[in-house]
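J.: Got model10.cif for you, mmCIF, C-alpha atoms:
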data_work
#
loop_
_atom_site.label_atom_id
_atom_site.label_comp_id
_atom_site.auth_asym_id
_atom_site.auth_seq_id
_atom_site.Cartn_x
_atom_site.Cartn_y
_atom_site.Cartn_z
CA MET A 297 162.06 162.01 84.40
CA TRP A 298 160.28 160.07 81.65
CA GLY A 299 163.35 160.15 79.39
CA MET A 300 164.89 157.68 81.83
CA LEU A 301 166.51 154.46 80.68
CA PRO A 302 166.98 151.44 82.96
CA MET A 303 170.14 150.73 84.93
CA LEU A 304 172.17 147.82 83.52
CA ALA A 305 174.37 145.17 85.12
CA VAL A 306 177.89 144.06 84.28
CA ARG A 307 178.65 140.40 83.68
CA ALA A 308 180.61 138.22 86.11
CA THR A 309 181.44 134.56 86.51
CA TYR A 310 180.17 134.07 90.09
CA PRO A 311 177.91 136.06 92.43
CA PRO A 312 179.61 138.36 94.93
CA VAL A 313 179.64 137.31 98.59
CA GLY A 314 179.10 139.22 101.81
CA ARG A 315 176.43 141.28 103.55
CA ASP A 316 176.84 144.20 101.16
CA TRP A 317 175.01 142.28 98.43
CA VAL A 318 171.48 141.04 97.81
CA HIS A 319 170.52 138.58 95.09
CA GLU A 320 167.59 137.88 92.76
CA ARG A 321 166.75 135.35 90.08
CA LYS A 322 167.69 136.48 86.58
CA TRP A 323 164.47 136.63 84.53
CA ASP A 324 164.58 135.81 80.83
CA GLY A 325 162.04 138.46 79.85
CA MET A 326 161.78 141.88 78.23
CA ARG A 327 163.09 144.70 80.38
CA ALA A 328 160.57 147.52 80.75
CA LEU A 329 159.96 150.63 82.83
CA ALA A 330 156.32 151.04 83.88
CA ASP A 331 155.30 154.68 84.30
CA ILE A 332 151.92 155.28 85.98
CA ARG A 333 150.45 158.77 85.84
CA SER A 334 146.85 159.81 86.49
CA GLY A 335 145.42 156.34 86.05
CA ARG A 336 147.28 155.44 82.86
CA LEU A 337 150.15 152.99 82.34
CA HIS A 338 152.99 153.66 79.91
CA LEU A 339 155.56 150.93 79.18
CA ARG A 340 159.00 151.63 77.72
CA THR A 341 161.66 149.13 76.63
CA ARG A 342 165.30 149.35 77.68
CA SER A 343 165.97 151.41 74.54
CA GLY A 344 163.17 153.87 75.35
CA LYS A 345 160.59 152.67 72.83
CA SER A 346 156.92 152.44 73.74
CA ALA A 347 155.56 148.97 74.44
CA THR A 348 152.24 149.98 76.02
CA ASP A 349 149.93 148.77 73.26
CA ARG A 350 151.57 145.34 73.08
CA PHE A 351 150.56 144.29 76.61
CA PRO A 352 146.99 145.45 77.35
CA GLU A 353 146.63 142.96 80.23
CA LEU A 354 149.03 145.11 82.27
CA ALA A 355 146.87 148.25 82.03
CA ARG A 356 145.11 147.53 85.33
CA LEU A 357 148.39 148.04 87.16
CA ALA A 358 147.67 151.77 86.80
CA ALA A 359 144.78 151.45 89.26
CA LYS A 360 147.20 150.71 92.12
CA HIS A 361 148.73 154.20 92.43
CA ASP A 362 148.34 157.62 90.82
CA ASP A 363 152.05 158.37 90.35
CA LEU A 364 154.60 155.58 90.18
CA LEU A 365 157.63 154.52 88.11
CA LEU A 366 158.70 150.88 88.29
CA ASP A 367 161.49 148.79 86.81
CA GLY A 368 161.00 145.13 85.94
CA GLU A 369 160.70 142.51 83.23
CA ILE A 370 157.73 141.44 81.17
CA CYS A 371 157.58 137.63 81.16
CA VAL A 372 155.44 134.76 79.99
CA LEU A 373 155.58 132.51 83.04
CA THR A 374 155.16 128.74 83.05
CA ARG A 375 155.37 127.24 86.53
CA GLY A 376 157.25 130.30 87.69
CA MET A 377 159.80 130.27 84.86
CA CYS A 378 159.95 132.82 82.06
CA ARG A 379 159.91 131.52 78.47
CA PHE A 380 161.33 134.10 76.06
CA SER A 381 160.28 132.03 73.04
CA ALA A 382 156.63 132.53 74.05
CA LEU A 383 157.20 136.22 74.77
CA ALA A 384 158.74 136.81 71.34
CA ASP A 385 155.32 136.51 69.69
CA ARG A 386 154.06 139.37 71.86
CA ILE A 387 157.07 141.62 71.21
CA HIS A 388 156.43 141.61 67.46
CA VAL A 389 152.80 142.78 67.76
CA LYS A 390 152.05 145.96 65.84
CA ASP A 391 148.31 146.53 66.32
CA ARG A 392 146.08 146.67 69.39
CA ALA A 393 143.53 144.13 68.15
CA THR A 394 146.19 141.45 67.79
CA ALA A 395 147.66 142.38 71.16
CA PHE A 396 144.27 141.95 72.86
CA ALA A 397 143.75 138.56 71.19
CA LEU A 398 147.19 137.29 72.25
CA ALA A 399 146.68 138.59 75.77
CA GLN A 400 143.74 136.22 76.17
CA GLY A 401 145.64 133.09 75.22
CA GLN A 402 149.17 133.90 76.32
CA PRO A 403 149.10 136.63 78.96
CA VAL A 404 152.27 138.15 80.35
CA THR A 405 153.30 138.93 83.92
CA TYR A 406 155.25 142.03 84.92
CA VAL A 407 157.95 140.99 87.40
CA ILE A 408 158.88 144.11 89.38
CA PHE A 409 162.25 144.58 91.07
CA ASP A 410 162.63 148.34 91.67
CA VAL A 411 160.69 151.56 92.29
CA LEU A 412 162.12 154.80 90.90
CA ARG A 413 159.42 157.39 91.60
CA LEU A 414 156.50 157.58 94.01
CA HIS A 415 153.95 160.41 94.26
CA GLY A 416 156.24 162.80 92.40
CA THR A 417 159.34 162.02 94.47
CA ASP A 418 162.44 160.80 92.64
CA LEU A 419 163.81 157.74 94.48
CA THR A 420 166.83 156.99 92.28
CA ASP A 421 169.32 158.62 94.67
CA LYS A 422 168.18 156.46 97.57
CA PRO A 423 170.09 153.24 98.31
CA TRP A 424 168.64 149.95 97.13
CA THR A 425 167.60 149.01 100.69
CA GLU A 426 165.32 152.06 100.98
CA ARG A 427 163.86 151.62 97.50
CA ARG A 428 163.17 147.96 98.18
CA ALA A 429 161.46 148.73 101.50
CA ILE A 430 159.22 151.22 99.69
CA LEU A 431 158.48 148.69 96.95
CA ASP A 432 157.52 146.02 99.48
CA ARG A 433 155.08 148.42 101.18
CA LEU A 434 153.27 149.19 97.92
CA GLY A 435 151.52 145.81 97.93
CA LEU A 436 152.04 145.18 94.23
CA ARG A 437 150.66 141.69 93.98
CA GLY A 438 148.09 141.13 91.28
CA PRO A 439 146.83 138.78 88.59
CA ARG A 440 149.41 139.94 86.03
CA TRP A 441 152.18 141.47 88.15
CA GLN A 442 154.37 140.43 91.06
CA VAL A 443 157.50 141.56 92.92
CA SER A 444 160.69 139.58 92.36
CA PRO A 445 161.86 137.88 95.59
CA THR A 446 165.32 138.59 97.02
CA TYR A 447 167.85 136.33 98.74
CA ASP A 448 170.80 136.93 101.06
CA ASP A 449 172.87 133.91 99.98
CA GLY A 450 174.02 134.36 96.40
CA ASP A 451 176.00 131.14 96.34
CA ALA A 452 172.97 129.08 97.32
CA LEU A 453 170.75 130.92 94.81
CA PHE A 454 173.31 130.32 92.08
CA ALA A 455 173.23 126.57 92.74
CA THR A 456 169.42 126.46 93.01
CA THR A 457 168.76 128.44 89.83
CA LEU A 458 171.24 126.28 87.93
CA GLU A 459 169.50 123.12 89.11
CA GLN A 460 166.03 124.45 88.34
CA GLY A 461 166.90 125.79 84.89
CA TYR A 462 166.67 129.55 85.49
CA GLU A 463 168.76 132.02 83.52
CA GLY A 464 171.04 132.87 86.43
CA VAL A 465 171.44 135.39 89.25
CA VAL A 466 171.50 139.19 89.49
CA SER A 467 173.30 140.63 92.53
CA LYS A 468 172.86 144.22 93.73
CA ARG A 469 174.85 146.28 96.19
CA ARG A 470 172.54 147.18 99.05
CA ASP A 471 173.77 150.77 99.44
CA ALA A 472 173.80 151.59 95.71
CA PRO A 473 171.59 154.26 94.16
CA TYR A 474 169.80 153.62 90.87
CA ARG A 475 171.92 154.88 87.97
CA PRO A 476 169.59 155.40 84.96
CA GLY A 477 171.04 154.30 81.65
CA VAL A 478 174.35 153.26 83.23
CA ARG A 479 175.97 149.83 83.18
CA SER A 480 177.27 149.77 86.73
CA ALA A 481 179.32 147.29 88.76
CA ASP A 482 176.81 147.93 91.58
CA TRP A 483 174.67 145.38 89.72
CA ILE A 484 176.25 142.06 88.74
CA LYS A 485 174.61 139.53 86.42
CA VAL A 486 175.77 135.91 86.47
CA PRO A 487 174.12 133.90 83.67
CA HIS A 488 174.30 130.13 83.73
CA ARG A 489 174.52 129.85 79.97
CA PRO A 490 176.88 131.76 77.66
CA LEU A 491 174.20 133.81 75.87
CA PHE A 492 175.24 137.09 74.22
CA SER A 493 173.47 139.79 72.21
CA VAL A 494 175.12 140.89 68.95
CA VAL A 495 174.22 142.80 65.78
CA VAL A 496 173.75 141.37 62.28
CA GLY A 497 175.73 143.23 59.62
CA GLY A 498 175.11 140.91 56.70
CA TRP A 499 174.35 137.38 55.58
CA GLN A 500 175.47 134.81 53.05
CA ALA A 501 172.98 132.73 51.10
CA GLU A 502 173.18 128.99 50.58
CA PRO A 503 174.78 128.13 47.21
CA GLY A 504 172.03 127.90 44.63
CA ASN A 505 169.33 129.00 47.08
CA PRO A 506 169.32 132.77 47.67
CA ALA A 507 166.21 132.46 49.86
CA ARG A 508 168.07 130.59 52.59
CA ILE A 509 170.73 131.89 54.97
CA ALA A 510 173.96 129.92 55.15
CA ALA A 511 175.70 132.25 57.60
CA LEU A 512 175.12 135.47 59.52
CA LEU A 513 177.90 138.06 59.82
CA LEU A 514 177.91 139.43 63.35
CA GLY A 515 179.30 142.51 65.02
CA MET A 516 179.39 144.69 68.12
CA PRO A 517 178.88 148.49 68.09
CA GLY A 518 181.93 150.48 69.09
CA PRO A 519 183.48 153.95 68.85
CA GLN A 520 184.72 153.29 65.30
CA GLY A 521 181.53 151.59 64.11
CA LEU A 522 180.44 147.97 63.95
CA ARG A 523 183.31 145.69 65.03
CA TYR A 524 183.35 142.35 63.19
CA LEU A 525 182.87 139.30 65.44
CA GLY A 526 182.87 136.61 62.78
CA SER A 527 180.24 134.51 60.99
CA MET A 528 177.74 132.05 62.41
CA MET A 529 176.31 129.02 60.60
CA THR A 530 174.89 126.94 63.46
CA GLY A 531 171.30 127.03 64.74
CA LEU A 532 169.63 128.59 61.69
CA ALA A 533 166.53 126.38 61.60
CA GLU A 534 163.63 126.79 59.19
CA ARG A 535 161.48 128.99 61.43
CA SER A 536 164.49 131.09 62.34
CA GLN A 537 165.23 131.62 58.64
CA VAL A 538 161.75 133.00 58.01
CA ASP A 539 161.89 135.40 60.96
CA LEU A 540 165.41 136.57 60.20
CA LEU A 541 164.78 137.23 56.50
CA ALA A 542 161.64 139.20 57.37
CA GLU A 543 163.83 141.51 59.45
CA LEU A 544 166.94 141.59 57.26
CA ASN A 545 165.56 141.94 53.71
CA PRO A 546 164.05 145.43 54.26
CA ARG A 547 167.45 146.58 55.59
CA ARG A 548 169.59 145.63 52.58
CA ARG A 549 172.38 148.03 51.59
CA THR A 550 175.17 148.07 49.01
CA ASP A 551 178.18 148.53 51.29
CA SER A 552 179.56 146.92 54.45
CA PRO A 553 178.38 148.34 57.81
CA PHE A 554 181.52 147.09 59.59
CA ASP A 555 184.33 149.47 60.52
CA VAL A 556 186.71 147.06 58.76
CA ALA A 557 184.94 145.02 56.08
CA PRO A 558 185.55 141.28 56.50
CA SER A 559 187.14 139.37 53.64
CA VAL A 560 184.11 137.31 52.68
CA ARG A 561 182.34 136.82 49.37
CA GLU A 562 178.74 136.89 48.19
CA VAL A 563 177.46 138.88 51.15
CA VAL A 564 174.11 140.64 51.42
CA TRP A 565 174.97 143.67 53.58
CA VAL A 566 172.30 145.09 55.87
CA ASP A 567 171.91 148.14 58.07
CA PRO A 568 173.18 147.16 61.55
CA GLU A 569 169.81 147.34 63.28
CA VAL A 570 168.86 143.72 63.98
CA VAL A 571 169.95 142.26 67.34
CA VAL A 572 170.15 138.50 67.90
CA ASP A 573 171.14 136.29 70.82
CA VAL A 574 173.86 133.71 70.28
CA ARG A 575 175.50 131.10 72.44
CA ALA A 576 179.29 131.20 72.41
CA THR A 577 182.18 130.55 74.74
CA GLY A 578 183.38 134.16 74.40
CA LEU A 579 185.90 135.72 72.04
CA ASP A 580 189.14 134.16 70.90
CA SER A 581 192.52 135.88 70.82
CA THR A 582 191.71 137.45 67.44
CA GLY A 583 188.47 138.99 68.69
CA LEU A 584 186.09 136.57 66.96
CA LEU A 585 183.25 134.62 68.55
CA GLN A 586 184.14 131.08 69.53
CA ARG A 587 181.65 128.44 68.27
CA PRO A 588 178.63 130.78 67.98
CA SER A 589 175.17 129.25 67.68
CA TYR A 590 172.01 131.19 66.81
CA GLN A 591 169.30 131.30 69.50
CA ARG A 592 166.72 134.01 68.81
CA LEU A 593 165.88 137.47 67.55
CA ARG A 594 165.83 140.30 70.11
CA PRO A 595 163.27 142.81 68.75
CA ASP A 596 163.17 144.44 72.20
CA MET A 597 166.80 145.57 71.92
CA ASP A 598 168.51 148.27 69.86
CA PRO A 599 172.20 148.01 68.89
CA GLU A 600 173.22 150.91 71.11
CA THR A 601 171.85 149.14 74.18
CA ILE A 602 174.14 146.12 73.93
CA LEU A 603 177.51 147.81 74.39
CA GLU A 604 179.77 145.73 76.64
CA GLU A 605 177.28 142.86 76.68
CA ILE A 606 179.86 140.33 75.50
CA PRO A 607 182.99 139.41 77.46
CA ASP A 608 186.30 138.89 75.72
CA THR A 609 189.82 138.13 76.86
CA GLN A 610 189.65 141.00 79.38
CA GLU A 611 187.49 138.78 81.60
CA THR A 612 190.60 136.80 82.49
CA THR A 613 192.84 139.84 82.91
CA GLY A 614 190.88 141.51 85.70
CA ASP A 615 188.91 144.16 83.83
CA THR A 616 185.62 142.28 84.21
CA PRO A 617 184.38 141.52 87.74
CA VAL A 618 184.74 137.88 88.74
CA TYR A 619 183.34 137.11 92.16
CA GLY A 620 183.29 134.09 94.38
CA PRO A 621 185.28 130.87 94.36
CA PRO A 622 185.38 128.51 91.37
CA ARG A 623 182.80 125.74 91.59
#
Rewrite the coordinates I just gave you, this time as structure tokens.

T.:
Amino acid sequence: MWGMLPMLAVRATYPPVGRDWVHERKWDGMRALADIRSGRLHLRTRSGKSATDRFPELARLAAKHDDLLLDGEICVLTRGMCRFSALADRIHVKDRATAFALAQGQPVTYVIFDVLRLHGTDLTDKPWTERRAILDRLGLRGPRWQVSPTYDDGDALFATTLEQGYEGVVSKRRDAPYRPGVRSADWIKVPHRPLFSVVVGGWQAEPGNPARIAALLLGMPGPQGLRYLGSMMTGLAERSQVDLLAELNPRRRTDSPFDVAPSVREVVWVDPEVVVDVRATGLDSTGLLQRPSYQRLRPDMDPETILEEIPDTQETTGDTPVYGPPR
């Protein structure tokens, strides 16, 4: 079972309504499966990479049960709200000594929302209602972990999370099993802000200053390779420049990684391995991002994990779920 990847949600405009659905706050953290076996905790990211050594303050979770597999998000919480900017420092950690030092000053909390295995029994085929009842009985409340609360009224939660500044709402069908590694319409995510994850395929330097980025060339993985989504020049502040160049320079290459090379000049091509979050209003009729603005690196994500993360014109043609009345 340990090759399991987390279940993913599809994007919608509004939460679904009715008794078939339950709703949770959308946490702006790092998705992770927590596997407990024989008194040891193993953390894996949504792409299957180990994250255990980065978060030593979560190790005591292993004392709760001998055999347990949980799904949740690792967050740095401030007054109950997750701050990804603070978490980013922890995601980049490479050695245990640094991880222990950061854990003292900026500890994380594991926000749990599902249980997938208990005492050797696979629970993924059980409906969400049964898994949630089991999770609630486990008593997983501790200094560095907690269970995400659920709500029956998605419309009210949508309004409350918008007012309070949360990322949005995740809605789950009550009778749905857990589908590992699948992006399923049984889970619906409704973000308040148009934030999308994309891949960097190259960058252009500022004229006369090759050490500064003027624009990032962005793409989305697809069956034919990296599909070009346009360039982005907004939001590339000084600190962002330093972090981006540290990731991009070691990945330089001589040819374009895009399936169809864009007609741009003076490009430094890179291997399509770096994922970033951008704000945009979606894709235009030509398939390019509309008014993209850089937000942050996503070192917790691999390119293959972001397929279908970004909506395009199909959202208005019925291929992407849109629930609830316009507000």

J.: Which residue, A:Val465, A:Met528, A:Leu357, A:Val570, has the smallest gap to Ala510 (chain A) when you use all atoms listed in the file?

T.: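 Using all atoms listed in the file, the shortest distance to Ala510 (chain A) belongs to A:Met528.
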
J.: Please enumerate the residues selected by the PyMOL selection byres ((chain A and resi 537-540) around 9) when evaluated against the supplied file, formatted as a list in words.

T.: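 Checking the PyMOL selection byres ((chain A and resi 537-540) around 9) against this file, the residues are Ala507, Arg508, Ile509, Leu532, Ala533, Glu534, Arg535, Ser536, Leu541, Ala542, Glu543, Leu544, Asn545, Val570 and Leu593 of chain A.
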
J.: What would the file look like if the residues just selected were written as an mmCIF file, in the frame of the given file with C-alpha atoms?

T.:
data_model
loop_
_atom_site.group_PDB
_atom_site.id
_atom_site.type_symbol
_atom_site.label_atom_id
_atom_site.label_comp_id
_atom_site.auth_asym_id
_atom_site.auth_seq_id
_atom_site.Cartn_x
_atom_site.Cartn_y
_atom_site.Cartn_z
ATOM 1 C CA ALA A 507 166.210 132.460 49.860
ATOM 2 C CA ARG A 508 168.070 130.590 52.590
ATOM 3 C CA ILE A 509 170.730 131.890 54.970
ATOM 4 C CA LEU A 532 169.630 128.590 61.690
ATOM 5 C CA ALA A 533 166.530 126.380 61.600
ATOM 6 C CA GLU A 534 163.630 126.790 59.190
ATOM 7 C CA ARG A 535 161.480 128.990 61.430
ATOM 8 C CA SER A 536 164.490 131.090 62.340
ATOM 9 C CA LEU A 541 164.780 137.230 56.500
ATOM 10 C CA ALA A 542 161.640 139.200 57.370
ATOM 11 C CA GLU A 543 163.830 141.510 59.450
ATOM 12 C CA LEU A 544 166.940 141.590 57.260
ATOM 13 C CA ASN A 545 165.560 141.940 53.710
ATOM 14 C CA VAL A 570 168.860 143.720 63.980
ATOM 15 C CA LEU A 593 165.880 137.470 67.550
#

J.: Pick out the closest residue to Thr348 (chain A) from this set: A:Val372, A:Asp482, A:Val389, A:Pro312. Count all atoms listed in the file.

T.: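 Under the stated criterion, the closest residue is A:Val389.
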
J.: Nearest to Leu412 (chain A) among A:Gly464, A:Met300, A:Asp385, A:Leu398, with distances taken over only C-alpha atoms: which residue is it?

T.: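 That would be A:Met300, the residue with the smallest distance to Leu412 (chain A).
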
J.: Could you name the residues that touch Leu365 (chain A) at 9 Å or less, counting only C-alpha atoms, but leaving out those on the same chain fewer than 4 positions away, as a PyMOL selection string?

T.: chain A and resi 298+329-333+410-414

J.: For a test of reading the model, state the distance in Å between CA of Leu491 (chain A) and CA of Arg575 (chain A), rounded to one decimal.

T.: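 CA of Leu491 (chain A) sits 4.6 Å away from CA of Arg575 (chain A).
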
J.: Please return as number ranges by chain every residue within 8 Å of (164.4, 140.4, 72.3), taking into account all atoms listed in the file and the file's own coordinates.

T.: A: 326, 380, 384, 387, 571-572, 592-597

J.: Generate the output file for the selected residues, C-alpha atoms, as a PDB file, in the frame of the given file.

T.:
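Below you can see result15.pdb, which holds the result:
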ATOM      1  CA  MET A 326     161.780 141.880  78.230  1.00  0.00           C
ATOM      2  CA  PHE A 380     161.330 134.100  76.060  1.00  0.00           C
ATOM      3  CA  ALA A 384     158.740 136.810  71.340  1.00  0.00           C
ATOM      4  CA  ILE A 387     157.070 141.620  71.210  1.00  0.00           C
ATOM      5  CA  VAL A 571     169.950 142.260  67.340  1.00  0.00           C
ATOM      6  CA  VAL A 572     170.150 138.500  67.900  1.00  0.00           C
ATOM      7  CA  ARG A 592     166.720 134.010  68.810  1.00  0.00           C
ATOM      8  CA  LEU A 593     165.880 137.470  67.550  1.00  0.00           C
ATOM      9  CA  ARG A 594     165.830 140.300  70.110  1.00  0.00           C
ATOM     10  CA  PRO A 595     163.270 142.810  68.750  1.00  0.00           C
ATOM     11  CA  ASP A 596     163.170 144.440  72.200  1.00  0.00           C
ATOM     12  CA  MET A 597     166.800 145.570  71.920  1.00  0.00           C
TER      13      MET A 597
END

J.: As a ChimeraX atom specification, please: the residues near Tyr462 (chain A) (cut-off 10 Å, all atoms listed in the file, same-chain neighbours under 3 positions excluded).

T.: /A:321-324,376-379,454,456-459,465,487-489

J.: How far is it from CA of Phe554 (chain A) to CA of Gly583 (chain A), in Å with one decimal?

T.: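 Distance between the two atoms: 14.0 Å.
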
J.: Quick one: residues within 12 Å of Ser467 (chain A), all atoms listed in the file, excluding same-chain residues fewer than 4 positions away - as number ranges by chain?

T.: A: 304-322, 409, 424, 446-451, 453-454, 472, 480-487, 619

J.: Apply the PyMOL selection byres ((chain A and resi 550) around 10) to the structure shown and report the selected residues as a list in words.

T.: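 Selected by the PyMOL selection byres ((chain A and resi 550) around 10) in this file: Arg548, Arg549, Asp551, Ser552, Pro553, Val563, Val564, Trp565, Val566 and Asp567 of chain A.
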
J.: Carefully work through the PyMOL selection byres ((chain A and resi 370) around 6) for this structure and note down the residues it includes, as a PyMOL selection string.

T.: chain A and resi 325-326+369+371+405-406

J.: Of the candidates A:Pro439, A:Pro588, A:Gly401, A:Pro503, which shows the shortest atom-to-atom distance to Arg561 (chain A), using only C-alpha atoms?

T.: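 Nearest to Arg561 (chain A): A:Pro503.
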
J.: Choose the residue, out of A:Leu373, A:Lys345, A:Leu431, A:Asp362, that has the smallest atom-to-atom separation from Gly416 (chain A); count all atoms listed in the file.

T.: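 Under the stated criterion, the closest residue is A:Asp362.
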
J.: Tell me which of A:Arg340, A:Val407, A:Ala455, A:Asp418 sits closest to Arg437 (chain A), counting all atoms listed in the file.

T.: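 Among the listed residues, the smallest separation from Arg437 (chain A) belongs to A:Val407.
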
J.: One number please: CA of Thr341 (chain A) to CA of Arg327 (chain A), in Å, one decimal.

T.: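 Interatomic distance, CA of Thr341 (chain A) to CA of Arg327 (chain A): 6.0 Å.
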
J.: Using all atoms listed in the file, which residues sit within 6 Å of Asp555 (chain A) once same-chain residues fewer than 2 positions away are excluded, as a ChimeraX atom specification?

T.: /A:521-523
